Amino acid sequence: PYGDSSLGVGGNITTYTDSAAGGTALATGVKVTNSRIALDIEGNPIENLVEIASSLNKRTGVVTSDEVVGATPSSFLAHVPARYEADMILEDVATSNADLVLAKTCSAYKNKKATYDLLYQQAGYSVVSDKSGLDKSSDKVVGLFNGVSAKTDPRVPSLAELTIYALDFLDNEEGFFLMVEGANIDKQ
């Protein structure tokens, strides 16, 4: 029931897991069918580590060089039936328990930027689009950037810069949970 099967070498059946199911397994500890984001086989939400940490009064964050709607960050922020449901994922970010979300933007967000910015602001987030907008005076921040570089770049933040910011932003007496993903490391 989990993953997709195909005939492998010598007629053996092989099973593979896509990045949505893999991200969900990391975020929840539960195996799911391919394409699902933190939903079980019946379509029920599976509690993820951001939700668990938040319930323990810990600050929480997700930092990635991938798009915010990428499979791994989505697994920590959303509960949707298919990883390609970008609008559903973007809506779930507003209701997630994350105090901090830093990622590359995506076309679905850009197409409805004013709508999503208002949604995030109504949920208590400060919304930033460049690294100069990152400060620590807000309680919650969504940072969606035109890019996240592997190296220092004056035009876009680096994953290292975002991670350092996140560690400082989330630091508190109760502790915190932070997921950091260097996406597409084989393509940079």
# chains A, B, ... in the order shown; residues from 1 in each chain; ligands from 1
call {"tool": "residues_around", "arguments": {"residues": "His79 (chain A)", "least_positions_apart": "3", "cutoff": "10 Å", "atoms": "only C-alpha atoms", "output": "ChimeraX atom specification"}}
result
/A:24,36-40,43-48,74-76,82-83,88-89,92-93,96
call {"tool": "residues_around", "arguments": {"residues": "Ala53 (chain A)", "least_positions_apart": "3", "cutoff": "12 Å", "atoms": "only C-alpha atoms", "output": "list in words"}}
result
Ala27, Thr28, Glu47, Asn48, Leu49, Val50, Leu56, Asn57, Lys58, Arg59, Thr60, Gly61, Phe76, Ser96, Asn97, Ala98, Asp99, Glu174, Gly175, Phe176, Phe177, Leu178 and Met179 of chain A
call {"tool": "write_last_selection", "arguments": {"atoms": "N, CA, C and O atoms", "output": "JSON list (two decimals), in the first residue's frame"}}
result
[["chain", "number", "residue", "atom", "x", "y", "z"],
["A", 27, "ALA", "N", 8.88, 14.03, 8.75],
["A", 27, "ALA", "CA", 8.13, 14.99, 9.56],
["A", 27, "ALA", "C", 7.21, 14.34, 10.58],
["A", 27, "ALA", "O", 6.92, 14.93, 11.62],
["A", 28, "THR", "N", 6.73, 13.11, 10.27],
["A", 28, "THR", "CA", 5.71, 12.49, 11.13],
["A", 28, "THR", "C", 6.10, 11.14, 11.69],
["A", 28, "THR", "O", 5.46, 10.65, 12.62],
["A", 47, "GLU", "N", 0.03, 14.24, 12.75],
["A", 47, "GLU", "CA", 0.75, 15.28, 13.47],
["A", 47, "GLU", "C", 2.22, 15.27, 13.07],
["A", 47, "GLU", "O", 2.87, 14.23, 13.05],
["A", 48, "ASN", "N", 2.75, 16.45, 12.76],
["A", 48, "ASN", "CA", 4.16, 16.54, 12.37],
["A", 48, "ASN", "C", 4.99, 17.13, 13.52],
["A", 48, "ASN", "O", 4.44, 17.55, 14.54],
["A", 49, "LEU", "N", 6.29, 17.15, 13.33],
["A", 49, "LEU", "CA", 7.19, 17.59, 14.40],
["A", 49, "LEU", "C", 7.00, 19.06, 14.76],
["A", 49, "LEU", "O", 7.17, 19.43, 15.93],
["A", 50, "VAL", "N", 6.64, 19.90, 13.81],
["A", 50, "VAL", "CA", 6.36, 21.30, 14.13],
["A", 50, "VAL", "C", 5.16, 21.38, 15.08],
["A", 50, "VAL", "O", 5.18, 22.11, 16.07],
["A", 56, "LEU", "N", 4.42, 21.53, 22.88],
["A", 56, "LEU", "CA", 5.29, 21.49, 24.06],
["A", 56, "LEU", "C", 5.85, 22.88, 24.39],
["A", 56, "LEU", "O", 6.84, 23.01, 25.11],
["A", 57, "ASN", "N", 5.22, 23.92, 23.82],
["A", 57, "ASN", "CA", 5.61, 25.32, 24.03],
["A", 57, "ASN", "C", 6.99, 25.66, 23.50],
["A", 57, "ASN", "O", 7.66, 26.54, 24.03],
["A", 58, "LYS", "N", 7.41, 24.95, 22.49],
["A", 58, "LYS", "CA", 8.69, 25.24, 21.85],
["A", 58, "LYS", "C", 8.43, 26.10, 20.62],
["A", 58, "LYS", "O", 7.40, 25.99, 19.97],
["A", 59, "ARG", "N", 9.37, 26.98, 20.31],
["A", 59, "ARG", "CA", 9.28, 27.76, 19.08],
["A", 59, "ARG", "C", 9.65, 26.83, 17.93],
["A", 59, "ARG", "O", 10.41, 25.87, 18.11],
["A", 60, "THR", "N", 9.12, 27.08, 16.75],
["A", 60, "THR", "CA", 9.33, 26.17, 15.64],
["A", 60, "THR", "C", 9.64, 26.92, 14.35],
["A", 60, "THR", "O", 9.16, 28.03, 14.13],
["A", 61, "GLY", "N", 10.45, 26.27, 13.50],
["A", 61, "GLY", "CA", 10.79, 26.90, 12.24],
["A", 61, "GLY", "C", 11.14, 25.90, 11.16],
["A", 61, "GLY", "O", 11.54, 24.77, 11.44],
["A", 76, "PHE", "N", 6.27, 19.49, 6.88],
["A", 76, "PHE", "CA", 6.36, 20.06, 8.22],
["A", 76, "PHE", "C", 5.36, 21.20, 8.44],
["A", 76, "PHE", "O", 5.23, 21.70, 9.56],
["A", 96, "SER", "N", -0.36, 26.81, 10.03],
["A", 96, "SER", "CA", 0.62, 25.90, 10.64],
["A", 96, "SER", "C", 1.05, 26.45, 12.00],
["A", 96, "SER", "O", 0.78, 27.60, 12.33],
["A", 97, "ASN", "N", 1.72, 25.63, 12.76],
["A", 97, "ASN", "CA", 2.22, 26.04, 14.06],
["A", 97, "ASN", "C", 3.62, 26.64, 13.98],
["A", 97, "ASN", "O", 4.22, 26.94, 15.01],
["A", 98, "ALA", "N", 4.14, 26.82, 12.78],
["A", 98, "ALA", "CA", 5.50, 27.34, 12.63],
["A", 98, "ALA", "C", 5.55, 28.82, 13.01],
["A", 98, "ALA", "O", 4.70, 29.61, 12.61],
["A", 99, "ASP", "N", 6.57, 29.17, 13.77],
["A", 99, "ASP", "CA", 6.82, 30.58, 14.09],
["A", 99, "ASP", "C", 7.65, 31.24, 13.00],
["A", 99, "ASP", "O", 7.63, 32.46, 12.86],
["A", 174, "GLU", "N", 12.32, 27.85, 26.54],
["A", 174, "GLU", "CA", 11.59, 26.59, 26.39],
["A", 174, "GLU", "C", 12.20, 25.65, 25.35],
["A", 174, "GLU", "O", 11.82, 24.50, 25.24],
["A", 175, "GLY", "N", 13.11, 26.16, 24.53],
["A", 175, "GLY", "CA", 13.71, 25.37, 23.47],
["A", 175, "GLY", "C", 12.97, 25.58, 22.15],
["A", 175, "GLY", "O", 11.99, 26.31, 22.08],
["A", 176, "PHE", "N", 13.49, 24.93, 21.10],
["A", 176, "PHE", "CA", 12.87, 25.10, 19.79],
["A", 176, "PHE", "C", 13.11, 23.89, 18.91],
["A", 176, "PHE", "O", 13.97, 23.05, 19.21],
["A", 177, "PHE", "N", 12.35, 23.82, 17.84],
["A", 177, "PHE", "CA", 12.53, 22.82, 16.80],
["A", 177, "PHE", "C", 12.77, 23.57, 15.50],
["A", 177, "PHE", "O", 12.02, 24.49, 15.16],
["A", 178, "LEU", "N", 13.80, 23.17, 14.76],
["A", 178, "LEU", "CA", 14.11, 23.79, 13.47],
["A", 178, "LEU", "C", 14.45, 22.71, 12.47],
["A", 178, "LEU", "O", 15.32, 21.87, 12.71],
["A", 179, "MET", "N", 13.76, 22.72, 11.34],
["A", 179, "MET", "CA", 14.09, 21.84, 10.21],
["A", 179, "MET", "C", 14.81, 22.70, 9.19],
["A", 179, "MET", "O", 14.29, 23.74, 8.77]]
call {"tool": "atom_distance", "arguments": {"atom1": "CA of Leu134 (chain A)", "atom2": "CA of Leu26 (chain A)"}}
result
27.7 Å
call {"tool": "select_by_dssp", "arguments": {"residues": "region 43-74 of chain A", "states": "helix (DSSP H, G or I)", "output": "ChimeraX atom specification"}}
result
/A:49-55,71-74
call {"tool": "closest_residue", "arguments": {"among": "A:Phe169, A:Gly124, A:Asp135, A:Gly182", "to": "Ala150 (chain A)", "atoms": "only C-alpha atoms"}}
result
A:Gly182
call {"tool": "residues_around", "arguments": {"residues": "Phe145 (chain A)", "least_positions_apart": "6", "cutoff": "6 Å", "atoms": "only C-alpha atoms", "output": "list of chain:residue names"}}
result
A:Lys104, A:Thr105, A:Ser129, A:Asp130
call {"tool": "residues_around", "arguments": {"residues": "region 107-121 of chain A", "least_positions_apart": "6", "cutoff": "7 Å", "atoms": "only C-alpha atoms", "output": "JSON, numbers by chain"}}
result
{"A": [86, 87, 94, 127]}
call {"tool": "residues_around", "arguments": {"residues": "Glu161 (chain A)", "least_positions_apart": "2", "cutoff": "10 Å", "atoms": "only C-alpha atoms", "output": "list in words"}}
result
Lys131, Val148, Ser149, Ala150, Lys151, Thr152, Val156, Pro157, Ser158, Leu159, Thr163, Ile164, Tyr165 and Ala166 of chain A
call {"tool": "write_last_selection", "arguments": {"atoms": "N, CA, C and O atoms", "output": "CSV table (one decimal), in the first residue's frame"}}
result
chain,number,residue,atom,x,y,z
A,131,LYS,N,16.4,39.7,2.3
A,131,LYS,CA,17.1,39.5,3.6
A,131,LYS,C,17.2,40.7,4.5
A,131,LYS,O,17.3,40.6,5.7
A,148,VAL,N,17.4,31.2,-2.8
A,148,VAL,CA,18.2,31.0,-1.7
A,148,VAL,C,19.5,30.3,-2.2
A,148,VAL,O,19.4,29.3,-2.8
A,149,SER,N,20.6,30.9,-2.0
A,149,SER,CA,21.8,30.4,-2.6
A,149,SER,C,22.6,29.5,-1.7
A,149,SER,O,22.4,29.5,-0.5
A,150,ALA,N,23.5,28.7,-2.3
A,150,ALA,CA,24.3,27.8,-1.5
A,150,ALA,C,25.5,28.6,-1.0
A,150,ALA,O,26.1,28.2,0.0
A,151,LYS,N,25.8,29.7,-1.6
A,151,LYS,CA,27.0,30.6,-1.2
A,151,LYS,C,26.5,32.0,-0.9
A,151,LYS,O,25.4,32.3,-1.2
A,152,THR,N,27.4,32.8,-0.3
A,152,THR,CA,27.0,34.1,-0.1
A,152,THR,C,26.8,34.9,-1.4
A,152,THR,O,27.6,34.8,-2.3
A,156,VAL,N,20.5,37.5,-2.9
A,156,VAL,CA,19.6,36.6,-2.2
A,156,VAL,C,20.3,36.1,-1.0
A,156,VAL,O,21.5,36.0,-1.0
A,157,PRO,N,19.5,35.7,0.0
A,157,PRO,CA,20.1,35.1,1.2
A,157,PRO,C,20.7,33.7,0.9
A,157,PRO,O,20.2,33.0,0.0
A,158,SER,N,21.7,33.4,1.6
A,158,SER,CA,22.2,32.0,1.6
A,158,SER,C,21.5,31.1,2.6
A,158,SER,O,21.0,31.6,3.6
A,159,LEU,N,21.6,29.8,2.4
A,159,LEU,CA,21.0,28.9,3.4
A,159,LEU,C,21.7,29.1,4.7
A,159,LEU,O,21.0,29.1,5.8
A,163,THR,N,19.8,30.1,8.2
A,163,THR,CA,19.9,29.2,9.3
A,163,THR,C,20.4,29.9,10.6
A,163,THR,O,19.9,29.8,11.6
A,164,ILE,N,21.4,30.8,10.4
A,164,ILE,CA,21.9,31.6,11.5
A,164,ILE,C,20.8,32.5,12.1
A,164,ILE,O,20.6,32.6,13.3
A,165,TYR,N,20.1,33.1,11.2
A,165,TYR,CA,19.0,34.0,11.6
A,165,TYR,C,18.0,33.1,12.3
A,165,TYR,O,17.5,33.6,13.4
A,166,ALA,N,17.6,32.0,11.8
A,166,ALA,CA,16.6,31.1,12.4
A,166,ALA,C,17.0,30.7,13.8
A,166,ALA,O,16.2,30.7,14.8
call {"tool": "select_by_dssp", "arguments": {"residues": "region 135-184 of chain A", "states": "strand (DSSP E or B)", "output": "ChimeraX atom specification"}}
result
/A:141-145,149,158,176-181
call {"tool": "atom_distance", "arguments": {"atom1": "CA of Val32 (chain A)", "atom2": "CA of Val80 (chain A)"}}
result
12.0 Å
call {"tool": "residues_around", "arguments": {"residues": "Tyr125 (chain A)", "least_positions_apart": "5", "cutoff": "7 Å", "atoms": "only C-alpha atoms", "output": "list in words"}}
result
Tyr120, Lys140, Val141 and Val142 of chain A
call {"tool": "closest_residue", "arguments": {"among": "A:Thr64, A:Asn34, A:Thr17, A:Ser54", "to": "Gly147 (chain A)", "atoms": "only C-alpha atoms"}}
result
A:Thr64
call {"tool": "residues_around", "arguments": {"residues": "Asp18 (chain A)", "least_positions_apart": "3", "cutoff": "7 Å", "atoms": "only C-alpha atoms", "output": "list in words"}}
result
Ala21, Gly22, Asn34 and Ser35 of chain A
call {"tool": "write_last_selection", "arguments": {"atoms": "N, CA and C atoms", "output": "mmCIF file, in the first residue's frame"}}
result
data_model
loop_
_atom_site.group_PDB
_atom_site.id
_atom_site.type_symbol
_atom_site.label_atom_id
_atom_site.label_comp_id
_atom_site.auth_asym_id
_atom_site.auth_seq_id
_atom_site.Cartn_x
_atom_site.Cartn_y
_atom_site.Cartn_z
ATOM 1 N N ALA A 21 6.258 11.428 0.203
ATOM 2 C CA ALA A 21 6.165 10.350 1.198
ATOM 3 C C ALA A 21 7.415 10.324 2.075
ATOM 4 N N GLY A 22 8.574 10.585 1.479
ATOM 5 C CA GLY A 22 9.818 10.637 2.259
ATOM 6 C C GLY A 22 9.808 11.795 3.244
ATOM 7 N N ASN A 34 2.676 7.543 -1.906
ATOM 8 C CA ASN A 34 3.352 8.612 -2.628
ATOM 9 C C ASN A 34 2.410 9.771 -2.914
ATOM 10 N N SER A 35 2.972 10.952 -2.929
ATOM 11 C CA SER A 35 2.329 12.230 -3.248
ATOM 12 C C SER A 35 1.633 12.877 -2.049
#
call {"tool": "closest_residue", "arguments": {"among": "A:Val128, A:Ala20, A:Ile41, A:Ala160", "to": "Tyr84 (chain A)", "atoms": "only C-alpha atoms"}}
result
A:Ala20
call {"tool": "closest_residue", "arguments": {"among": "A:Thr72, A:Ser65, A:Ser132, A:Ser55", "to": "Leu102 (chain A)", "atoms": "only C-alpha atoms"}}
result
A:Ser65
call {"tool": "closest_residue", "arguments": {"among": "A:Val63, A:Leu90, A:Ala25, A:Leu77", "to": "Leu167 (chain A)", "atoms": "only C-alpha atoms"}}
result
A:Val63
call {"tool": "atom_distance", "arguments": {"atom1": "CA of Ser19 (chain A)", "atom2": "CA of Ala71 (chain A)"}}
result
5.8 Å
call {"tool": "decode", "arguments": {"residues": "region 161-173 of chain A", "atoms": "all heavy atoms", "output": "PDB file, in the first residue's frame"}}
result
ATOM      1  N   GLU A 161      23.016  31.910   5.949  1.00  0.00           N
ATOM      2  CA  GLU A 161      22.507  33.142   6.563  1.00  0.00           C
ATOM      3  C   GLU A 161      21.123  32.925   7.168  1.00  0.00           C
ATOM      4  O   GLU A 161      20.835  33.394   8.276  1.00  0.00           O
ATOM      5  CB  GLU A 161      22.430  34.260   5.521  1.00  0.00           C
ATOM      6  CG  GLU A 161      23.777  34.797   5.082  1.00  0.00           C
ATOM      7  CD  GLU A 161      23.658  35.774   3.922  1.00  0.00           C
ATOM      8  OE1 GLU A 161      22.921  35.479   2.951  1.00  0.00           O
ATOM      9  OE2 GLU A 161      24.321  36.831   3.999  1.00  0.00           O
ATOM     10  N   LEU A 162      20.266  32.232   6.436  1.00  0.00           N
ATOM     11  CA  LEU A 162      18.915  31.981   6.935  1.00  0.00           C
ATOM     12  C   LEU A 162      18.930  31.087   8.165  1.00  0.00           C
ATOM     13  O   LEU A 162      18.146  31.280   9.093  1.00  0.00           O
ATOM     14  CB  LEU A 162      18.039  31.384   5.841  1.00  0.00           C
ATOM     15  CG  LEU A 162      17.734  32.294   4.650  1.00  0.00           C
ATOM     16  CD1 LEU A 162      16.858  31.563   3.636  1.00  0.00           C
ATOM     17  CD2 LEU A 162      17.103  33.603   5.084  1.00  0.00           C
ATOM     18  N   THR A 163      19.817  30.101   8.168  1.00  0.00           N
ATOM     19  CA  THR A 163      19.916  29.199   9.317  1.00  0.00           C
ATOM     20  C   THR A 163      20.411  29.930  10.553  1.00  0.00           C
ATOM     21  O   THR A 163      19.868  29.756  11.649  1.00  0.00           O
ATOM     22  CB  THR A 163      20.823  28.001   8.984  1.00  0.00           C
ATOM     23  OG1 THR A 163      20.300  27.327   7.828  1.00  0.00           O
ATOM     24  CG2 THR A 163      20.921  27.035  10.144  1.00  0.00           C
ATOM     25  N   ILE A 164      21.416  30.777  10.396  1.00  0.00           N
ATOM     26  CA  ILE A 164      21.927  31.566  11.528  1.00  0.00           C
ATOM     27  C   ILE A 164      20.828  32.478  12.062  1.00  0.00           C
ATOM     28  O   ILE A 164      20.614  32.581  13.277  1.00  0.00           O
ATOM     29  CB  ILE A 164      23.185  32.364  11.115  1.00  0.00           C
ATOM     30  CG1 ILE A 164      24.347  31.391  10.889  1.00  0.00           C
ATOM     31  CG2 ILE A 164      23.538  33.416  12.160  1.00  0.00           C
ATOM     32  CD1 ILE A 164      25.546  31.994  10.194  1.00  0.00           C
ATOM     33  N   TYR A 165      20.115  33.138  11.160  1.00  0.00           N
ATOM     34  CA  TYR A 165      18.989  33.984  11.573  1.00  0.00           C
ATOM     35  C   TYR A 165      17.960  33.146  12.344  1.00  0.00           C
ATOM     36  O   TYR A 165      17.473  33.554  13.401  1.00  0.00           O
ATOM     37  CB  TYR A 165      18.339  34.647  10.359  1.00  0.00           C
ATOM     38  CG  TYR A 165      17.046  35.339  10.690  1.00  0.00           C
ATOM     39  CD1 TYR A 165      17.038  36.610  11.252  1.00  0.00           C
ATOM     40  CD2 TYR A 165      15.823  34.705  10.476  1.00  0.00           C
ATOM     41  CE1 TYR A 165      15.831  37.245  11.574  1.00  0.00           C
ATOM     42  CE2 TYR A 165      14.621  35.336  10.795  1.00  0.00           C
ATOM     43  CZ  TYR A 165      14.635  36.597  11.352  1.00  0.00           C
ATOM     44  OH  TYR A 165      13.461  37.216  11.688  1.00  0.00           O
ATOM     45  N   ALA A 166      17.605  31.980  11.807  1.00  0.00           N
ATOM     46  CA  ALA A 166      16.586  31.122  12.433  1.00  0.00           C
ATOM     47  C   ALA A 166      17.008  30.687  13.830  1.00  0.00           C
ATOM     48  O   ALA A 166      16.195  30.694  14.760  1.00  0.00           O
ATOM     49  CB  ALA A 166      16.309  29.902  11.554  1.00  0.00           C
ATOM     50  N   LEU A 167      18.251  30.289  13.987  1.00  0.00           N
ATOM     51  CA  LEU A 167      18.734  29.857  15.305  1.00  0.00           C
ATOM     52  C   LEU A 167      18.599  30.980  16.324  1.00  0.00           C
ATOM     53  O   LEU A 167      18.172  30.759  17.463  1.00  0.00           O
ATOM     54  CB  LEU A 167      20.178  29.373  15.205  1.00  0.00           C
ATOM     55  CG  LEU A 167      20.385  28.059  14.459  1.00  0.00           C
ATOM     56  CD1 LEU A 167      21.862  27.814  14.189  1.00  0.00           C
ATOM     57  CD2 LEU A 167      19.770  26.897  15.215  1.00  0.00           C
ATOM     58  N   ASP A 168      18.947  32.187  15.924  1.00  0.00           N
ATOM     59  CA  ASP A 168      18.839  33.339  16.814  1.00  0.00           C
ATOM     60  C   ASP A 168      17.371  33.705  17.057  1.00  0.00           C
ATOM     61  O   ASP A 168      16.962  33.975  18.189  1.00  0.00           O
ATOM     62  CB  ASP A 168      19.602  34.521  16.214  1.00  0.00           C
ATOM     63  CG  ASP A 168      19.803  35.641  17.198  1.00  0.00           C
ATOM     64  OD1 ASP A 168      20.014  35.372  18.396  1.00  0.00           O
ATOM     65  OD2 ASP A 168      19.747  36.809  16.772  1.00  0.00           O
ATOM     66  N   PHE A 169      16.550  33.690  16.014  1.00  0.00           N
ATOM     67  CA  PHE A 169      15.135  34.045  16.109  1.00  0.00           C
ATOM     68  C   PHE A 169      14.371  33.097  17.024  1.00  0.00           C
ATOM     69  O   PHE A 169      13.516  33.514  17.797  1.00  0.00           O
ATOM     70  CB  PHE A 169      14.512  34.042  14.701  1.00  0.00           C
ATOM     71  CG  PHE A 169      13.064  34.416  14.659  1.00  0.00           C
ATOM     72  CD1 PHE A 169      12.679  35.751  14.606  1.00  0.00           C
ATOM     73  CD2 PHE A 169      12.070  33.442  14.667  1.00  0.00           C
ATOM     74  CE1 PHE A 169      11.334  36.107  14.556  1.00  0.00           C
ATOM     75  CE2 PHE A 169      10.727  33.790  14.624  1.00  0.00           C
ATOM     76  CZ  PHE A 169      10.362  35.124  14.572  1.00  0.00           C
ATOM     77  N   LEU A 170      14.661  31.811  16.925  1.00  0.00           N
ATOM     78  CA  LEU A 170      13.904  30.802  17.670  1.00  0.00           C
ATOM     79  C   LEU A 170      14.415  30.574  19.092  1.00  0.00           C
ATOM     80  O   LEU A 170      13.721  29.972  19.910  1.00  0.00           O
ATOM     81  CB  LEU A 170      13.910  29.470  16.912  1.00  0.00           C
ATOM     82  CG  LEU A 170      13.206  29.478  15.557  1.00  0.00           C
ATOM     83  CD1 LEU A 170      13.442  28.149  14.842  1.00  0.00           C
ATOM     84  CD2 LEU A 170      11.719  29.771  15.707  1.00  0.00           C
ATOM     85  N   ASP A 171      15.624  31.016  19.392  1.00  0.00           N
ATOM     86  CA  ASP A 171      16.234  30.770  20.700  1.00  0.00           C
ATOM     87  C   ASP A 171      15.365  31.326  21.825  1.00  0.00           C
ATOM     88  O   ASP A 171      14.929  32.472  21.784  1.00  0.00           O
ATOM     89  CB  ASP A 171      17.619  31.412  20.747  1.00  0.00           C
ATOM     90  CG  ASP A 171      18.379  31.043  22.005  1.00  0.00           C
ATOM     91  OD1 ASP A 171      18.181  29.919  22.516  1.00  0.00           O
ATOM     92  OD2 ASP A 171      19.177  31.876  22.484  1.00  0.00           O
ATOM     93  N   ASN A 172      15.079  30.467  22.810  1.00  0.00           N
ATOM     94  CA  ASN A 172      14.283  30.878  23.964  1.00  0.00           C
ATOM     95  C   ASN A 172      14.458  29.869  25.083  1.00  0.00           C
ATOM     96  O   ASN A 172      15.065  28.817  24.894  1.00  0.00           O
ATOM     97  CB  ASN A 172      12.800  31.037  23.568  1.00  0.00           C
ATOM     98  CG  ASN A 172      12.121  29.707  23.330  1.00  0.00           C
ATOM     99  OD1 ASN A 172      11.557  29.129  24.250  1.00  0.00           O
ATOM    100  ND2 ASN A 172      12.192  29.200  22.107  1.00  0.00           N
ATOM    101  N   GLU A 173      13.913  30.181  26.246  1.00  0.00           N
ATOM    102  CA  GLU A 173      14.065  29.326  27.436  1.00  0.00           C
ATOM    103  C   GLU A 173      13.421  27.947  27.276  1.00  0.00           C
ATOM    104  O   GLU A 173      13.889  26.969  27.834  1.00  0.00           O
ATOM    105  CB  GLU A 173      13.466  30.022  28.663  1.00  0.00           C
ATOM    106  CG  GLU A 173      14.220  31.258  29.108  1.00  0.00           C
ATOM    107  CD  GLU A 173      15.595  30.937  29.653  1.00  0.00           C
ATOM    108  OE1 GLU A 173      15.743  29.919  30.367  1.00  0.00           O
ATOM    109  OE2 GLU A 173      16.527  31.699  29.353  1.00  0.00           O
TER     110      GLU A 173
END
